[in-house]
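**Q** File follows, query.cif with mmCIF, C-alpha atoms:
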data_model
#
loop_
_atom_site.group_PDB
_atom_site.id
_atom_site.type_symbol
_atom_site.label_atom_id
_atom_site.label_comp_id
_atom_site.auth_asym_id
_atom_site.auth_seq_id
_atom_site.Cartn_x
_atom_site.Cartn_y
_atom_site.Cartn_z
ATOM 1 C CA MET A 1342 11.422 -2.740 22.796
ATOM 2 C CA SER A 1343 8.736 -3.172 20.181
ATOM 3 C CA ASN A 1344 6.812 -6.433 20.101
ATOM 4 C CA VAL A 1345 7.965 -6.981 16.516
ATOM 5 C CA LEU A 1346 11.640 -6.621 17.440
ATOM 6 C CA ALA A 1347 11.298 -8.748 20.576
ATOM 7 C CA ARG A 1348 9.673 -11.557 18.580
ATOM 8 C CA TRP A 1349 12.153 -11.230 15.664
ATOM 9 C CA ASN A 1350 15.143 -11.430 18.000
ATOM 10 C CA PHE A 1351 14.202 -15.022 18.819
ATOM 11 C CA LEU A 1352 13.003 -16.342 15.461
ATOM 12 C CA PRO A 1353 14.970 -19.141 13.826
ATOM 13 C CA ILE A 1354 17.665 -17.755 11.509
ATOM 14 C CA ALA A 1355 15.927 -18.473 8.179
ATOM 15 C CA ALA A 1356 12.596 -17.046 9.385
ATOM 16 C CA ALA A 1357 14.309 -13.920 10.738
ATOM 17 C CA VAL A 1358 16.122 -13.364 7.419
ATOM 18 C CA ASP A 1359 12.881 -13.774 5.460
ATOM 19 C CA GLU A 1360 11.017 -11.390 7.739
ATOM 20 C CA ILE A 1361 13.503 -8.517 7.563
ATOM 21 C CA LEU A 1362 14.519 -8.946 3.908
ATOM 22 C CA PRO A 1363 11.701 -6.738 2.493
ATOM 23 C CA CYS A 1364 13.150 -3.779 4.402
ATOM 24 C CA CYS A 1365 16.198 -3.753 2.116
ATOM 25 C CA GLY A 1366 16.189 -6.429 -0.584
ATOM 26 C CA SER A 1367 19.756 -7.659 -0.037
ATOM 27 C CA ARG A 1368 20.017 -11.162 1.388
ATOM 28 C CA THR A 1369 23.556 -10.421 2.640
ATOM 29 C CA TRP A 1370 22.226 -7.376 4.514
ATOM 30 C CA ALA A 1371 19.409 -9.473 6.021
ATOM 31 C CA ASP A 1372 21.883 -12.210 7.023
ATOM 32 C CA GLY A 1373 24.114 -9.583 8.628
ATOM 33 C CA MET A 1374 21.207 -8.126 10.573
ATOM 34 C CA VAL A 1375 20.211 -11.544 11.880
ATOM 35 C CA ARG A 1376 23.784 -12.313 12.969
ATOM 36 C CA ARG A 1377 23.768 -9.147 15.098
ATOM 37 C CA ARG A 1378 20.725 -10.186 17.155
ATOM 38 C CA PRO A 1379 19.455 -9.609 19.728
ATOM 39 C CA LEU A 1380 18.927 -5.920 19.075
ATOM 40 C CA PRO A 1381 17.477 -4.126 22.108
ATOM 41 C CA ASP A 1382 15.585 -1.253 20.485
ATOM 42 C CA GLU A 1383 14.863 0.846 17.402
ATOM 43 C CA VAL A 1384 18.008 2.942 17.807
ATOM 44 C CA ALA A 1385 20.190 -0.181 17.829
ATOM 45 C CA LEU A 1386 18.254 -1.652 14.898
ATOM 46 C CA LEU A 1387 18.735 1.452 12.748
ATOM 47 C CA ALA A 1388 22.419 1.823 13.670
ATOM 48 C CA THR A 1389 23.060 -1.859 12.959
ATOM 49 C CA SER A 1390 21.304 -1.511 9.624
ATOM 50 C CA ASP A 1391 23.547 1.401 8.631
ATOM 51 C CA GLU A 1392 26.702 -0.428 9.727
ATOM 52 C CA THR A 1393 25.661 -3.571 7.900
ATOM 53 C CA TRP A 1394 24.662 -1.675 4.741
ATOM 54 C CA ARG A 1395 27.938 0.230 4.573
ATOM 55 C CA SER A 1396 29.940 -2.997 4.934
ATOM 56 C CA LEU A 1397 28.327 -4.678 1.911
ATOM 57 C CA ALA A 1398 29.892 -5.296 -1.474
ATOM 58 C CA GLU A 1399 28.610 -3.597 -4.610
ATOM 59 C CA ALA A 1400 26.874 -6.825 -5.704
ATOM 60 C CA ASP A 1401 24.811 -6.749 -2.497
ATOM 61 C CA TRP A 1402 23.788 -3.143 -3.147
ATOM 62 C CA LEU A 1403 22.758 -4.081 -6.682
ATOM 63 C CA GLU A 1404 20.685 -6.966 -5.335
ATOM 64 C CA ALA A 1405 18.809 -4.497 -3.102
ATOM 65 C CA PHE A 1406 18.282 -2.119 -6.035
ATOM 66 C CA ARG A 1407 16.750 -4.930 -8.105
ATOM 67 C CA SER A 1408 13.975 -5.365 -5.526
ATOM 68 C CA HIS A 1409 12.474 -1.967 -6.459
ATOM 69 C CA PRO A 1410 10.011 -1.072 -9.204
ATOM 70 C CA ARG A 1411 10.835 1.856 -11.442
ATOM 71 C CA ILE A 1412 9.778 5.235 -10.079
ATOM 72 C CA GLY A 1413 6.258 5.851 -11.331
ATOM 73 C CA GLU A 1414 5.521 2.173 -11.916
ATOM 74 C CA SER A 1415 3.723 -0.142 -9.557
ATOM 75 C CA GLN A 1416 5.065 -3.325 -11.116
ATOM 76 C CA ALA A 1417 7.979 -4.600 -9.058
ATOM 77 C CA PRO A 1418 10.415 -7.236 -10.275
ATOM 78 C CA LYS A 1419 9.084 -10.788 -9.904
ATOM 79 C CA ALA A 1420 11.627 -11.502 -7.160
ATOM 80 C CA ALA A 1421 10.348 -8.641 -4.979
ATOM 81 C CA LEU A 1422 8.540 -9.662 -1.840
ATOM 82 C CA GLN A 1423 4.901 -8.693 -1.308
ATOM 83 C CA ARG A 1424 5.649 -6.434 1.669
ATOM 84 C CA SER A 1425 8.391 -4.655 -0.313
ATOM 85 C CA VAL A 1426 5.977 -4.088 -3.204
ATOM 86 C CA ALA A 1427 3.377 -2.594 -0.838
ATOM 87 C CA TRP A 1428 5.959 -0.295 0.732
ATOM 88 C CA SER A 1429 7.164 0.841 -2.707
ATOM 89 C CA ALA A 1430 3.594 1.764 -3.629
ATOM 90 C CA GLN A 1431 3.280 3.845 -0.435
ATOM 91 C CA GLU A 1432 6.650 5.510 -1.007
ATOM 92 C CA GLN A 1433 5.743 6.439 -4.570
ATOM 93 C CA GLN A 1434 2.164 7.527 -3.935
ATOM 94 C CA ASN A 1435 2.961 11.162 -4.830
ATOM 95 C CA VAL A 1436 4.133 10.062 -8.280
ATOM 96 C CA SER A 1437 0.928 8.194 -9.094
ATOM 97 C CA GLY A 1438 -0.980 11.484 -8.925
ATOM 98 C CA ALA A 1439 1.433 13.406 -11.166
ATOM 99 C CA ASP A 1440 0.256 14.911 -14.422
ATOM 100 C CA GLU A 1441 0.869 12.886 -17.558
ATOM 101 C CA SER A 1442 3.772 15.037 -18.781
ATOM 102 C CA VAL A 1443 5.741 14.410 -15.583
ATOM 103 C CA LYS A 1444 4.879 10.697 -15.632
ATOM 104 C CA SER A 1445 6.031 10.505 -19.236
ATOM 105 C CA ALA A 1446 9.276 12.361 -18.456
ATOM 106 C CA LEU A 1447 9.918 10.013 -15.515
ATOM 107 C CA ALA A 1448 9.318 6.959 -17.703
ATOM 108 C CA GLU A 1449 11.695 8.308 -20.342
ATOM 109 C CA GLY A 1450 14.228 9.247 -17.648
ATOM 110 C CA ASN A 1451 14.023 5.766 -16.108
ATOM 111 C CA ARG A 1452 14.795 4.174 -19.478
ATOM 112 C CA ALA A 1453 17.723 6.550 -20.104
ATOM 113 C CA TYR A 1454 19.076 5.906 -16.609
ATOM 114 C CA GLU A 1455 18.874 2.140 -17.093
ATOM 115 C CA ARG A 1456 20.698 2.385 -20.427
ATOM 116 C CA ARG A 1457 23.428 4.528 -18.871
ATOM 117 C CA PHE A 1458 23.908 2.709 -15.536
ATOM 118 C CA ASN A 1459 22.398 -0.736 -16.257
ATOM 119 C CA ARG A 1460 20.181 -0.674 -13.152
ATOM 120 C CA VAL A 1461 16.958 0.856 -11.890
ATOM 121 C CA PHE A 1462 17.007 4.463 -10.634
ATOM 122 C CA ILE A 1463 16.889 4.412 -6.819
ATOM 123 C CA ILE A 1464 15.589 7.404 -4.893
ATOM 124 C CA CYS A 1465 14.013 7.717 -1.489
ATOM 125 C CA ALA A 1466 10.725 9.049 -2.869
ATOM 126 C CA THR A 1467 8.974 9.458 0.480
ATOM 127 C CA GLY A 1468 7.819 13.059 0.814
ATOM 128 C CA LYS A 1469 9.198 14.130 -2.579
ATOM 129 C CA SER A 1470 7.079 15.647 -5.321
ATOM 130 C CA PRO A 1471 7.124 14.117 -8.795
ATOM 131 C CA ALA A 1472 8.853 17.243 -10.130
ATOM 132 C CA GLU A 1473 11.534 16.970 -7.437
ATOM 133 C CA ILE A 1474 12.129 13.303 -8.277
ATOM 134 C CA LEU A 1475 12.405 14.140 -11.988
ATOM 135 C CA LYS A 1476 14.854 16.975 -11.284
ATOM 136 C CA THR A 1477 16.991 14.635 -9.151
ATOM 137 C CA LEU A 1478 16.922 11.972 -11.868
ATOM 138 C CA GLN A 1479 18.065 14.503 -14.466
ATOM 139 C CA ARG A 1480 20.879 15.727 -12.190
ATOM 140 C CA ARG A 1481 22.066 12.235 -11.381
ATOM 141 C CA MET A 1482 22.237 11.306 -15.065
ATOM 142 C CA LYS A 1483 25.327 13.570 -15.154
ATOM 143 C CA ASN A 1484 27.121 11.525 -12.470
ATOM 144 C CA ASP A 1485 29.981 9.190 -13.286
ATOM 145 C CA GLU A 1486 29.461 5.505 -12.424
ATOM 146 C CA HIS A 1487 31.209 5.638 -9.033
ATOM 147 C CA THR A 1488 29.461 8.801 -7.863
ATOM 148 C CA GLU A 1489 26.078 7.485 -8.964
ATOM 149 C CA LEU A 1490 26.571 4.143 -7.250
ATOM 150 C CA GLN A 1491 27.407 5.962 -4.008
ATOM 151 C CA GLU A 1492 24.343 8.208 -4.357
ATOM 152 C CA ALA A 1493 22.059 5.269 -5.122
ATOM 153 C CA SER A 1494 23.500 3.416 -2.135
ATOM 154 C CA GLU A 1495 22.728 6.348 0.164
ATOM 155 C CA GLU A 1496 19.173 6.537 -1.202
ATOM 156 C CA GLN A 1497 18.745 2.804 -0.536
ATOM 157 C CA ARG A 1498 20.072 3.294 3.006
ATOM 158 C CA GLN A 1499 17.408 5.956 3.594
ATOM 159 C CA ILE A 1500 14.672 3.729 2.135
ATOM 160 C CA THR A 1501 15.782 0.896 4.414
ATOM 161 C CA GLN A 1502 15.603 3.151 7.479
ATOM 162 C CA ILE A 1503 12.028 4.167 6.624
ATOM 163 C CA ARG A 1504 11.013 0.560 5.989
ATOM 164 C CA LEU A 1505 12.552 -0.654 9.230
ATOM 165 C CA LYS A 1506 10.458 1.891 11.133
ATOM 166 C CA LYS A 1507 7.329 0.697 9.304
ATOM 167 C CA TRP A 1508 8.290 -2.916 9.997
ATOM 168 C CA LEU A 1509 8.578 -2.199 13.717
ATOM 169 C CA GLN A 1510 4.998 -0.913 13.704
ATOM 170 C CA GLY A 1511 3.826 -4.319 12.522
#
Could you quickly redo this structure as structure tokens?

**A**
Amino acid sequence: MSNVLARWNFLPIAAAVDEILPCCGSRTWADGMVRRRPLPDEVALLATSDETWRSLAEADWLEAFRSHPRIGESQAPKAALQRSVAWSAQEQQNVSGADESVKSALAEGNRAYERRFNRVFIICATGKSPAEILKTLQRRMKNDEHTELQEASEEQRQITQIRLKKWLQG
């Protein structure tokens, strides 16, 4: 068991919620994770995260989405936690080096997405090129509301898995 997980397993409830919250951004998810303690290892942590995430209501998913900055922007919402903001910057580092035409197309695509779906575009950007992210954004603009919510939820699940692994490293 990692030292981080061992310590977290025995934190008071409120402190444990606050510590794990940046991994996802949904307070209900964080509460659910804390209620499932103690978790013996990374495998159990990741499986519990998936189970908890999939059991949440749409409002909880939307809360998690609101903790993210737009793709290509470093400015996170005011409610975002410092650790979450730092992780977002790492996850989007490929986008920051994109040429101006791609950055501009992403900015325009973000605005169009927000008008269409009334929320920020969520994608697990880790390891994806700016062009790949833009292509995915353009494809997902064709989704209906239900399909897009499910896709965004899956992207958030992937982001959470990556962040949990980073969190375990301390």

**Q** Decode the PyMOL selection byres ((chain A and resi 1498) around 9) for the given file into explicit residues and return them as an MDAnalysis selection string.

**A** chainID A and resid 1365 1390:1391 1394:1395 1465 1493:1497 1499:1503

**Q** Give the answer as one residue: which of A:Glu1360, A:Glu1383, A:Asp1372, A:Glu1455 has the shortest atom-to-atom distance to Ser1343 of chain A, using all atoms listed in the file?

**A** A:Glu1383

**Q** Measuring atom to atom with all atoms listed in the file, identify which of A:Gly1468, A:Pro1353, A:Gly1366, A:Gly1450 is nearest to Leu1403 of chain A.

**A**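 Answer, going by the shortest atom-to-atom distance: A:Gly1366.
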
**Q** Looking at A:Arg1452, A:Lys1444, A:Lys1507, A:Arg1457, which one is nearest to Lys1483 of chain A, with distances taken over all atoms listed in the file?

**A**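 Of the candidates, the smallest distance to Lys1483 of chain A is held by A:Arg1457.
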
**Q** Could you work out how far atom CA of Glu1486 of chain A lies from atom CA of Ala1400 of chain A, giving the answer in Å with one decimal?

**A**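 So the answer is 14.3 Å.
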
**Q** Give me, as a ChimeraX atom specification, all polymer residues having an atom no more than 10 Å from Arg1377 of chain A, counting all atoms listed in the file and skipping those fewer than 3 positions away in the same chain.

**A** /A:1350,1372-1374,1380,1386,1389-1390,1393

**Q** Ranking A:Leu1478, A:Ile1463, A:Ile1354, A:Ala1371 by minimum distance to Ala1446 of chain A and counting only C-alpha atoms, which one comes first?

**A**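 Of the candidates, the smallest distance to Ala1446 of chain A is held by A:Leu1478.
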
**Q** How many Å lie between atom CA of Leu1346 of chain A and atom CA of Trp1370 of chain A, rounded to one decimal?

**A** 16.7 Å

**Q** Just want the 9 Å neighbourhood of Arg1411 of chain A, counted on all atoms listed in the file, with same-chain residues fewer than 6 positions away dropped. Output as a list in words.

**A**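 So the residues in contact are Ala1417, Ala1448, Asn1451, Val1461, Phe1462 and Ile1463 of chain A.
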
**Q** Could you tell me how far atom CA of Pro1381 of chain A lies from atom CA of Ala1405 of chain A, in Å and to one decimal?

**A** 25.2 Å
